[in-house]
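Engineer: Got a structure for you, questions after.
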Amino acid sequence: MRAHLLNNTTAEHYRSTVSAGVERVAATLAATERPFSGIGVDELSPVVDAIDLDRPLGDAAAALDELGEVYLRDAVYFHHPRYLGHLNCPVVIPAVLGEAVLSAVNSSLDTWDQSAGGTLIERRLIHWTTERIGLGPAADGIFTSGGTQSNLQALLLAREEAKVRPEHFTRLRIFTSECSHFSVQKSAKLLGLGADAVISVPVDRNKRMQTVALARALEQCVAEGAVPMAVVATAGTTDFGSIDPLPEIAALCEQFATWMHVDAAYGCGLLASRERSGLLEGIAHADSVTVDYHKSFFQPVSSSAVLVRDRATLRHATYHAEYLNPRRMAEERIPNQVDKSLQTTRRFDALKLWMTLRVMGADGIGELFDEVCDLAAEGWKLLAADPRFDVVVQPQLSTLVFRYIPSGVTSPEQIDRANLHARKALFASGEAIVAGTKVGDRQYLKFTLLNPETTVHDIATVLDLISGHAEKYLGDSLDRAS
């Protein structure tokens with residue numbers, strides 16, 4: 001069994017085994033013609049369940065053959081131009097190279113004596129990002145597993161900075177738009193705040209937080225004797241890609257002495273854009289910022305970070321353990337990243353971004369993100385001119401929310417069912433993948449455009465497929481009713 005351990009004596013075995021895996025994946029990618037096979041859970045589950053994990057195959061080639069049957073053949077491929085579903089991006093090759101390196105070396109980024117250069121690379125990337133945001137010389141941050149963890153840590157810091165005793169946590173309030181990410185509510189629950197802690201602020205017709213409504217909500221909070229703990233502004237909402245008015249929100253946060261957090265998990269790609277970086281005006285006033293490099297920086301999952309204006313606030317996540325990061329290490333200026341993190345053992349995910357910047361540069365990333373934003377603008381024009389569809393809002397980033405409206409059908413419920421059916425039927429066909437959401441009480445569909453290889457022709461083709469599936473459903477419904 002020692003032959004399977006990666007070390008100096010097995011380097012050649014490592015090379016040949018991993019090379020075989022790379023060849024298999026490359027061949028699969030080259031032959032992929034659809035984003036999904038269309039297989040159903042009832043068909044695939046028995047195949048996976050039938051595998052006896054207590055009877056190893058003993059051979060990597062055999063395991064790869066089996067993997068082709070239970071995973072590679074039926075995986076959802078985000079690199080395909082007709083994957084238009086969730087906020088999943090195709091990944092850039094330098095980042096995949098970084099993934100291969102970090103997995104093999106397997107550094108843990110919690111302490112200096114487990115990572116050394118890895119610690120310095122992560123710190124350099126944090127500094128690079130805070131400089132792009134404009135958070136100032138005292139800024140700092142830490143890589144995380146994703147936007148949910150980043151938002152949780154940011155709100156933990158905000159809670160502690162509010163200086164309210166635990167028995168009074170129910171007085172704390174978080175303000176965020178009705179279009180913000182669900183992790184705000186989830187974080188409030190995990191942080192022990194009351195069920196009423198999160199105040200939903202209405203949005204305008206462009207799905208941006210209404211600052212007049214925010215001002216009223218903050219005033220009411222103070223008048224009721226509650227404490228405005230934080231305002232969470234969103235720079236790129238999940239559904240609409242809308243960016244809240246950051247300068248106005250920053251002014252209100254200063255007026256009410258409230259922590260300003262900007263969830264830029266999606267919109268962080270603007271930090272690398274030469275054309276659209278101005279859309280993030282005001283973000284420099286934030287006390288904390290979430291960025292997801294594994295969305296608009298085209299990085300493999302996971303690669304995220306939480307950034308703060310004042311590094312001193314990260315002390316609220318610090319705990320010293322004698323066997324790991326004793327207090328004397330901080331006094332000796334030994335850089336242990338665990339002092340800033342909610343995690344202990346942590347992957348060297350920063351290496352993927354490092355390799356990307358060293359090969360492509362920030363401008364290269366920004367150009368890719370600008371391409372998908374330009375594509376969304378073209379897609380909006382297509383939808384706005386097509387009488388079959390109702391498109392909700394002109395995009396700031398790269399999402400399009402729309403709804404198929406059949407001629408001659410006036411029942412909103414029937415239209416809802418037609419849109420739901422079209423999405424499911426499209427997924428089952430494997431020809432394309434789109435997302436869904438609700439606007440008000442009505443069912444809508446969503447294109448999330450993060451692939452520069454996607455074309456306007458792809459969008460038009462998928463719209464025709466959606467229309468066809470919806471029309472067939474409505475026709476079948478009429479036949480059943482007659």
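Here's how to read the names in the structure tokens: chain A, B, ... by the order shown, residue numbers from 1 in each chain, ligand numbers from 1 in the order shown.
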Would you mind listing what lies within 12 Å of A:Val222 as JSON, numbers by chain, with only C-alpha atoms counted and same-chain residues fewer than 2 positions away left out?

Structural biologist: {"A": [171, 172, 173, 215, 216, 217, 218, 219, 220, 224, 225, 226, 227, 228, 229, 255, 256, 257, 258]}

Engineer: Take the residues just selected and output them with all heavy atoms as a short mmCIF file (atom, residue, chain, number, x, y, z; two decimals), in the first residue's frame.

Structural biologist:
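The new file part04.cif reads:
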data_model
loop_
_atom_site.label_atom_id
_atom_site.label_comp_id
_atom_site.auth_asym_id
_atom_site.auth_seq_id
_atom_site.Cartn_x
_atom_site.Cartn_y
_atom_site.Cartn_z
N ARG A 171 -31.30 42.76 19.99
CA ARG A 171 -31.49 44.18 19.63
C ARG A 171 -30.77 44.53 18.33
O ARG A 171 -31.01 45.60 17.76
CB ARG A 171 -30.97 45.09 20.76
CG ARG A 171 -31.75 44.99 22.07
CD ARG A 171 -31.08 45.84 23.13
NE ARG A 171 -30.88 47.21 22.69
CZ ARG A 171 -29.86 47.99 23.08
NH1 ARG A 171 -28.94 47.52 23.91
NH2 ARG A 171 -29.76 49.23 22.64
N LEU A 172 -29.89 43.64 17.87
CA LEU A 172 -29.08 43.95 16.69
C LEU A 172 -29.88 43.77 15.40
O LEU A 172 -30.68 42.85 15.27
CB LEU A 172 -27.84 43.04 16.66
CG LEU A 172 -26.85 43.25 17.80
CD1 LEU A 172 -25.76 42.19 17.74
CD2 LEU A 172 -26.24 44.65 17.75
N ARG A 173 -29.63 44.65 14.44
CA ARG A 173 -30.33 44.60 13.16
C ARG A 173 -29.34 44.66 12.00
O ARG A 173 -28.35 45.40 12.05
CB ARG A 173 -31.33 45.76 13.04
CG ARG A 173 -32.42 45.76 14.08
CD ARG A 173 -33.41 44.61 13.89
NE ARG A 173 -34.46 44.64 14.91
CZ ARG A 173 -34.41 43.99 16.07
NH1 ARG A 173 -33.33 43.27 16.37
NH2 ARG A 173 -35.40 44.06 16.92
N ALA A 215 -32.78 54.58 4.62
CA ALA A 215 -32.68 55.67 5.61
C ALA A 215 -33.85 55.60 6.59
O ALA A 215 -33.66 55.74 7.81
CB ALA A 215 -32.64 57.02 4.90
N ARG A 216 -35.06 55.38 6.07
CA ARG A 216 -36.24 55.28 6.95
C ARG A 216 -36.10 54.10 7.90
O ARG A 216 -36.44 54.19 9.09
CB ARG A 216 -37.51 55.14 6.12
CG ARG A 216 -37.99 56.43 5.48
CD ARG A 216 -39.45 56.32 5.06
NE ARG A 216 -39.65 55.23 4.10
CZ ARG A 216 -39.68 55.39 2.78
NH1 ARG A 216 -39.51 56.61 2.26
NH2 ARG A 216 -39.88 54.37 1.98
N ALA A 217 -35.62 52.96 7.38
CA ALA A 217 -35.48 51.76 8.21
C ALA A 217 -34.44 51.96 9.31
O ALA A 217 -34.63 51.52 10.45
CB ALA A 217 -35.10 50.56 7.33
N LEU A 218 -33.36 52.65 8.99
CA LEU A 218 -32.33 52.93 10.00
C LEU A 218 -32.88 53.87 11.07
O LEU A 218 -32.64 53.68 12.27
CB LEU A 218 -31.09 53.53 9.33
CG LEU A 218 -30.23 52.56 8.51
CD1 LEU A 218 -29.27 53.33 7.61
CD2 LEU A 218 -29.46 51.61 9.42
N GLU A 219 -33.60 54.88 10.65
CA GLU A 219 -34.20 55.83 11.60
C GLU A 219 -35.18 55.12 12.53
O GLU A 219 -35.19 55.36 13.75
CB GLU A 219 -34.91 56.95 10.84
CG GLU A 219 -33.95 57.91 10.14
CD GLU A 219 -34.67 58.83 9.17
OE1 GLU A 219 -35.91 58.69 9.02
OE2 GLU A 219 -34.00 59.68 8.54
N GLN A 220 -35.99 54.24 11.96
CA GLN A 220 -36.97 53.50 12.76
C GLN A 220 -36.26 52.57 13.74
O GLN A 220 -36.69 52.43 14.90
CB GLN A 220 -37.89 52.70 11.85
CG GLN A 220 -38.99 51.95 12.61
CD GLN A 220 -39.93 51.20 11.68
OE1 GLN A 220 -39.87 51.36 10.47
NE2 GLN A 220 -40.80 50.39 12.24
N GLU A 224 -36.71 52.78 17.83
CA GLU A 224 -37.25 51.66 18.61
C GLU A 224 -36.28 51.14 19.66
O GLU A 224 -36.58 50.19 20.38
CB GLU A 224 -37.63 50.53 17.66
CG GLU A 224 -38.82 50.87 16.75
CD GLU A 224 -39.09 49.78 15.72
OE1 GLU A 224 -38.25 48.85 15.58
OE2 GLU A 224 -40.14 49.86 15.04
N GLY A 225 -35.08 51.74 19.72
CA GLY A 225 -34.10 51.30 20.71
C GLY A 225 -33.29 50.11 20.27
O GLY A 225 -32.55 49.53 21.09
N ALA A 226 -33.38 49.72 19.00
CA ALA A 226 -32.56 48.64 18.48
C ALA A 226 -31.23 49.21 17.99
O ALA A 226 -31.02 50.43 17.97
CB ALA A 226 -33.29 47.92 17.35
N VAL A 227 -30.33 48.32 17.60
CA VAL A 227 -28.98 48.74 17.20
C VAL A 227 -28.74 48.35 15.75
O VAL A 227 -28.77 47.16 15.40
CB VAL A 227 -27.91 48.07 18.09
CG1 VAL A 227 -26.51 48.48 17.64
CG2 VAL A 227 -28.14 48.42 19.55
N PRO A 228 -28.49 49.34 14.87
CA PRO A 228 -28.16 49.01 13.48
C PRO A 228 -26.74 48.46 13.38
O PRO A 228 -25.76 49.20 13.34
CB PRO A 228 -28.30 50.36 12.75
CG PRO A 228 -28.08 51.39 13.81
CD PRO A 228 -28.55 50.80 15.10
N MET A 229 -26.64 47.14 13.36
CA MET A 229 -25.34 46.46 13.41
C MET A 229 -24.58 46.58 12.09
O MET A 229 -23.38 46.82 12.06
CB MET A 229 -25.55 44.99 13.75
CG MET A 229 -24.31 44.14 13.82
SD MET A 229 -24.72 42.39 14.01
CE MET A 229 -24.24 41.75 12.41
N GLN A 255 -23.42 58.01 8.77
CA GLN A 255 -24.36 58.81 9.57
C GLN A 255 -24.86 58.04 10.79
O GLN A 255 -24.99 58.61 11.88
CB GLN A 255 -25.55 59.22 8.69
CG GLN A 255 -26.61 60.03 9.42
CD GLN A 255 -27.81 60.33 8.53
OE1 GLN A 255 -27.71 60.27 7.29
NE2 GLN A 255 -28.93 60.66 9.14
N PHE A 256 -25.11 56.73 10.59
CA PHE A 256 -25.67 55.94 11.68
C PHE A 256 -24.61 55.08 12.39
O PHE A 256 -24.97 54.21 13.18
CB PHE A 256 -26.79 55.05 11.15
CG PHE A 256 -28.06 55.79 10.83
CD1 PHE A 256 -28.25 56.35 9.58
CD2 PHE A 256 -29.04 55.94 11.79
CE1 PHE A 256 -29.42 57.05 9.28
CE2 PHE A 256 -30.21 56.64 11.52
CZ PHE A 256 -30.40 57.20 10.25
N ALA A 257 -23.34 55.33 12.12
CA ALA A 257 -22.24 54.60 12.75
C ALA A 257 -22.45 53.09 12.62
O ALA A 257 -22.35 52.34 13.59
CB ALA A 257 -22.10 55.00 14.21
N THR A 258 -22.74 52.68 11.40
CA THR A 258 -23.09 51.28 11.12
C THR A 258 -22.05 50.65 10.20
O THR A 258 -21.57 51.28 9.26
CB THR A 258 -24.47 51.22 10.44
OG1 THR A 258 -25.44 51.80 11.31
CG2 THR A 258 -24.88 49.80 10.13
#

Engineer: Give me the residues near stretch 65-75 of chain A as a VMD selection string, where near means some atom within 10 Å (using only C-alpha atoms) and where sequence neighbours in that chain fewer than 6 positions away do not count.

Structural biologist: chain A and resid 24 to 25 28 to 29 32 35 to 40 44 to 45 47 to 48 51 57 430

Engineer: Output C-alpha atoms for every residue in that selection, as a JSON list (two decimals), in the first residue's frame.

Structural biologist:
[["chain", "number", "residue", "atom", "x", "y", "z"],
["A", 24, "ARG", "CA", -9.13, 11.08, -19.71],
["A", 25, "VAL", "CA", -10.59, 14.44, -18.73],
["A", 28, "THR", "CA", -14.00, 13.90, -22.36],
["A", 29, "LEU", "CA", -13.94, 17.69, -22.69],
["A", 32, "THR", "CA", -18.51, 16.97, -24.99],
["A", 35, "PRO", "CA", -23.63, 20.59, -21.12],
["A", 36, "PHE", "CA", -25.41, 17.56, -19.62],
["A", 37, "SER", "CA", -26.31, 14.03, -20.59],
["A", 38, "GLY", "CA", -29.90, 14.41, -19.38],
["A", 39, "ILE", "CA", -29.69, 11.43, -17.06],
["A", 40, "GLY", "CA", -32.19, 11.36, -14.19],
["A", 44, "LEU", "CA", -27.99, 7.12, -12.01],
["A", 45, "SER", "CA", -28.51, 6.40, -8.30],
["A", 47, "VAL", "CA", -25.43, 2.59, -10.64],
["A", 48, "VAL", "CA", -23.58, 4.48, -7.90],
["A", 51, "ILE", "CA", -20.52, -0.06, -6.31],
["A", 57, "LEU", "CA", -10.28, -2.16, -8.03],
["A", 430, "GLY", "CA", -29.21, 17.93, -22.00]]

Engineer: Please identify all polymer residues within 6 Å of stretch 340-357 of chain A, counting only C-alpha atoms, omitting same-chain residues fewer than 3 positions from it, and present them as JSON, numbers by chain.

Structural biologist: {"A": [94, 95, 98, 99, 108, 109, 110, 122, 303, 314, 317, 318, 337, 360, 361, 362]}

Engineer: Residues as selected, N, CA, C and O atoms, written as a PDB file, in the first residue's frame, can you do that?

Structural biologist:
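In the end it all went to out-v7.pdb:
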ATOM      1  N   PRO A  94      -4.369  28.255 -16.345  1.00  0.00           N
ATOM      2  CA  PRO A  94      -3.365  28.500 -15.302  1.00  0.00           C
ATOM      3  C   PRO A  94      -3.877  28.186 -13.894  1.00  0.00           C
ATOM      4  O   PRO A  94      -3.108  27.725 -13.048  1.00  0.00           O
ATOM      5  N   ALA A  95      -5.168  28.418 -13.653  1.00  0.00           N
ATOM      6  CA  ALA A  95      -5.736  28.111 -12.333  1.00  0.00           C
ATOM      7  C   ALA A  95      -5.816  26.607 -12.110  1.00  0.00           C
ATOM      8  O   ALA A  95      -5.594  26.121 -11.001  1.00  0.00           O
ATOM      9  N   GLY A  98      -2.508  25.491 -11.132  1.00  0.00           N
ATOM     10  CA  GLY A  98      -2.322  25.782  -9.713  1.00  0.00           C
ATOM     11  C   GLY A  98      -3.016  24.768  -8.824  1.00  0.00           C
ATOM     12  O   GLY A  98      -2.473  24.351  -7.797  1.00  0.00           O
ATOM     13  N   GLU A  99      -4.209  24.333  -9.226  1.00  0.00           N
ATOM     14  CA  GLU A  99      -4.946  23.319  -8.470  1.00  0.00           C
ATOM     15  C   GLU A  99      -4.159  22.014  -8.395  1.00  0.00           C
ATOM     16  O   GLU A  99      -4.091  21.359  -7.341  1.00  0.00           O
ATOM     17  N   SER A 108      -1.038  23.313   4.163  1.00  0.00           N
ATOM     18  CA  SER A 108      -2.161  23.803   4.958  1.00  0.00           C
ATOM     19  C   SER A 108      -1.837  25.223   5.372  1.00  0.00           C
ATOM     20  O   SER A 108      -0.789  25.493   5.967  1.00  0.00           O
ATOM     21  N   LEU A 109      -2.754  26.132   5.061  1.00  0.00           N
ATOM     22  CA  LEU A 109      -2.475  27.561   5.215  1.00  0.00           C
ATOM     23  C   LEU A 109      -2.828  28.097   6.595  1.00  0.00           C
ATOM     24  O   LEU A 109      -3.071  29.296   6.736  1.00  0.00           O
ATOM     25  N   ASP A 110      -2.859  27.223   7.602  1.00  0.00           N
ATOM     26  CA  ASP A 110      -3.195  27.755   8.918  1.00  0.00           C
ATOM     27  C   ASP A 110      -1.981  28.341   9.639  1.00  0.00           C
ATOM     28  O   ASP A 110      -2.090  29.388  10.269  1.00  0.00           O
ATOM     29  N   GLU A 122      -0.501  34.081  -0.278  1.00  0.00           N
ATOM     30  CA  GLU A 122      -1.874  34.431   0.065  1.00  0.00           C
ATOM     31  C   GLU A 122      -1.953  35.865   0.567  1.00  0.00           C
ATOM     32  O   GLU A 122      -2.832  36.637   0.161  1.00  0.00           O
ATOM     33  N   SER A 303     -12.488  29.417  -4.218  1.00  0.00           N
ATOM     34  CA  SER A 303     -11.523  30.506  -4.133  1.00  0.00           C
ATOM     35  C   SER A 303     -12.293  31.785  -3.833  1.00  0.00           C
ATOM     36  O   SER A 303     -12.888  32.387  -4.716  1.00  0.00           O
ATOM     37  N   LEU A 314     -10.021  41.805  12.615  1.00  0.00           N
ATOM     38  CA  LEU A 314      -9.885  40.354  12.444  1.00  0.00           C
ATOM     39  C   LEU A 314      -9.569  39.651  13.762  1.00  0.00           C
ATOM     40  O   LEU A 314      -9.643  38.418  13.836  1.00  0.00           O
ATOM     41  N   ALA A 317     -11.811  36.908  15.219  1.00  0.00           N
ATOM     42  CA  ALA A 317     -11.768  35.516  14.764  1.00  0.00           C
ATOM     43  C   ALA A 317     -10.545  34.785  15.314  1.00  0.00           C
ATOM     44  O   ALA A 317     -10.287  33.633  14.941  1.00  0.00           O
ATOM     45  N   THR A 318      -9.793  35.425  16.207  1.00  0.00           N
ATOM     46  CA  THR A 318      -8.527  34.864  16.690  1.00  0.00           C
ATOM     47  C   THR A 318      -8.724  34.033  17.942  1.00  0.00           C
ATOM     48  O   THR A 318      -9.437  34.436  18.875  1.00  0.00           O
ATOM     49  N   GLN A 337      -1.825  32.405   9.485  1.00  0.00           N
ATOM     50  CA  GLN A 337      -3.086  32.831   8.889  1.00  0.00           C
ATOM     51  C   GLN A 337      -4.302  32.372   9.695  1.00  0.00           C
ATOM     52  O   GLN A 337      -5.377  32.949   9.579  1.00  0.00           O
ATOM     53  N   MET A 360      -1.819  35.307 -17.036  1.00  0.00           N
ATOM     54  CA  MET A 360      -2.756  36.102 -17.828  1.00  0.00           C
ATOM     55  C   MET A 360      -2.755  37.583 -17.481  1.00  0.00           C
ATOM     56  O   MET A 360      -3.052  38.429 -18.320  1.00  0.00           O
ATOM     57  N   GLY A 361      -2.495  37.895 -16.212  1.00  0.00           N
ATOM     58  CA  GLY A 361      -2.605  39.265 -15.735  1.00  0.00           C
ATOM     59  C   GLY A 361      -4.043  39.648 -15.439  1.00  0.00           C
ATOM     60  O   GLY A 361      -4.992  39.011 -15.908  1.00  0.00           O
ATOM     61  N   ALA A 362      -4.212  40.698 -14.642  1.00  0.00           N
ATOM     62  CA  ALA A 362      -5.553  41.153 -14.271  1.00  0.00           C
ATOM     63  C   ALA A 362      -6.347  41.594 -15.487  1.00  0.00           C
ATOM     64  O   ALA A 362      -7.555  41.359 -15.579  1.00  0.00           O
TER      65      ALA A 362
END

Engineer: Please list as a PyMOL selection string every residue within 7 Å of A:Ala60, counting only C-alpha atoms and excluding residues in the same chain fewer than 3 positions away.

Structural biologist: chain A and resi 17+63-64

Engineer: Give me a file of those residues, with N, CA and C atoms, as a CSV table (one decimal), in the first residue's frame.

Structural biologist:
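Output (selection.csv):
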chain,number,residue,atom,x,y,z
A,17,THR,N,0.2,8.3,-13.4
A,17,THR,CA,-1.2,8.2,-12.9
A,17,THR,C,-2.0,9.5,-13.2
A,63,ALA,N,-10.2,2.3,-12.2
A,63,ALA,CA,-11.0,3.3,-11.4
A,63,ALA,C,-11.4,4.4,-12.3
A,64,LEU,N,-10.6,4.8,-13.3
A,64,LEU,CA,-10.9,5.9,-14.2
A,64,LEU,C,-12.0,5.4,-15.2

Engineer: Tell me which protein, DNA and RNA residues are within 10 Å of A:Glu160, counting only C-alpha atoms, leaving out same-chain ones fewer than 3 positions away, and put them as a list in words.

Structural biologist: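 Once the nearby chain positions are removed, what remains is Leu155, Leu156, Leu157, Lys163, Val164, Arg165, Pro166, Met229, Thr313, Arg315, His316 and Ala317 of chain A.
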
Engineer: Counting only C-alpha atoms, which residues of stretch 226-315 of chain A fall within 10 Å of stretch 175-198 of chain A, and what is the closest atom pair for each with its distance in Å at one decimal, ordered by chain and rising number, as JSON lines?

Structural biologist:
{"residue": "A:Ala226", "atom": "CA", "partner": "A:Ala197", "partner_atom": "CA", "distance": 9.8}
{"residue": "A:Val227", "atom": "CA", "partner": "A:Ala197", "partner_atom": "CA", "distance": 9.9}
{"residue": "A:Pro228", "atom": "CA", "partner": "A:Phe175", "partner_atom": "CA", "distance": 7.8}
{"residue": "A:Met229", "atom": "CA", "partner": "A:Phe175", "partner_atom": "CA", "distance": 8.3}
{"residue": "A:Ala230", "atom": "CA", "partner": "A:Phe175", "partner_atom": "CA", "distance": 6.3}
{"residue": "A:Val231", "atom": "CA", "partner": "A:Phe175", "partner_atom": "CA", "distance": 4.6}
{"residue": "A:Val232", "atom": "CA", "partner": "A:Thr176", "partner_atom": "CA", "distance": 4.9}
{"residue": "A:Ala233", "atom": "CA", "partner": "A:Thr176", "partner_atom": "CA", "distance": 6.2}
{"residue": "A:Thr234", "atom": "CA", "partner": "A:Ser180", "partner_atom": "CA", "distance": 6.3}
{"residue": "A:Ala235", "atom": "CA", "partner": "A:Ser180", "partner_atom": "CA", "distance": 9.3}
{"residue": "A:Gly236", "atom": "CA", "partner": "A:Ser180", "partner_atom": "CA", "distance": 8.8}
{"residue": "A:Thr237", "atom": "CA", "partner": "A:Ser180", "partner_atom": "CA", "distance": 5.9}
{"residue": "A:Thr238", "atom": "CA", "partner": "A:His181", "partner_atom": "CA", "distance": 6.8}
{"residue": "A:Asp239", "atom": "CA", "partner": "A:Cys179", "partner_atom": "CA", "distance": 7.6}
{"residue": "A:Phe240", "atom": "CA", "partner": "A:Cys179", "partner_atom": "CA", "distance": 8.2}
{"residue": "A:Gly241", "atom": "CA", "partner": "A:Cys179", "partner_atom": "CA", "distance": 9.7}
{"residue": "A:Ser242", "atom": "CA", "partner": "A:Cys179", "partner_atom": "CA", "distance": 8.7}
{"residue": "A:Asp244", "atom": "CA", "partner": "A:Ser177", "partner_atom": "CA", "distance": 8.4}
{"residue": "A:Met260", "atom": "CA", "partner": "A:Phe175", "partner_atom": "CA", "distance": 9.8}
{"residue": "A:His261", "atom": "CA", "partner": "A:Thr176", "partner_atom": "CA", "distance": 9.7}
{"residue": "A:Asp263", "atom": "CA", "partner": "A:His181", "partner_atom": "CA", "distance": 8.4}
{"residue": "A:Ala265", "atom": "CA", "partner": "A:His181", "partner_atom": "CA", "distance": 9.7}

Engineer: For A:His13, please output as a list of chain:residue names all residues within 9 Å (counting only C-alpha atoms; exclusion window: fewer than 6 positions along the same chain).

Structural biologist: A:Ala3, A:His4, A:Leu6

Engineer: Could you save the residues just selected, with all heavy atoms, as a compact mmCIF listing (two decimals), in the first residue's frame?

Structural biologist:
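Written out: again23.txt:
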# COMPACT_ATOMS: atom_id res chain seq x y z
N ALA A 3 3.05 2.04 -1.91
CA ALA A 3 3.30 2.47 -3.30
C ALA A 3 2.33 3.56 -3.73
O ALA A 3 2.57 4.25 -4.73
CB ALA A 3 3.19 1.26 -4.23
N HIS A 4 1.23 3.71 -2.99
CA HIS A 4 0.25 4.73 -3.33
C HIS A 4 0.53 6.07 -2.65
O HIS A 4 -0.15 7.07 -2.94
CB HIS A 4 -1.15 4.25 -2.96
CG HIS A 4 -1.61 3.07 -3.75
ND1 HIS A 4 -1.83 3.12 -5.10
CD2 HIS A 4 -1.87 1.79 -3.37
CE1 HIS A 4 -2.23 1.94 -5.54
NE2 HIS A 4 -2.26 1.11 -4.51
N LEU A 6 2.37 9.51 -2.08
CA LEU A 6 3.13 10.42 -2.93
C LEU A 6 4.38 10.88 -2.17
O LEU A 6 4.28 11.54 -1.13
CB LEU A 6 2.27 11.62 -3.33
CG LEU A 6 2.96 12.72 -4.15
CD1 LEU A 6 3.60 12.15 -5.41
CD2 LEU A 6 1.96 13.82 -4.49

Engineer: Identify all residues of stretch 123-362 of chain A in strand (DSSP E or B) (DSSP on the backbone) and supply them as an MDAnalysis selection string.

Structural biologist: chainID A and resid 140:144 172:177 198:201 203 209 227:235 243 259:264 288:292 304:308

Engineer: Write down as a list of chain:residue names the residues of stretch 235-301 of chain A whose backbone DSSP state falls under alpha helix (DSSP H).

Structural biologist: A:Leu246, A:Pro247, A:Glu248, A:Ile249, A:Ala250, A:Ala251, A:Leu252, A:Cys253, A:Glu254, A:Gln255, A:Tyr293, A:His294, A:Lys295, A:Ser296

Engineer: Which residue out of A:Arg311, A:Arg333, A:His457, A:Arg403 has the minimum interatomic distance to A:Leu382 when only C-alpha atoms are used?

Structural biologist: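 Going through A:Arg311, A:Arg333, A:His457, A:Arg403 one by one, the smallest distance to A:Leu382 is for A:His457.
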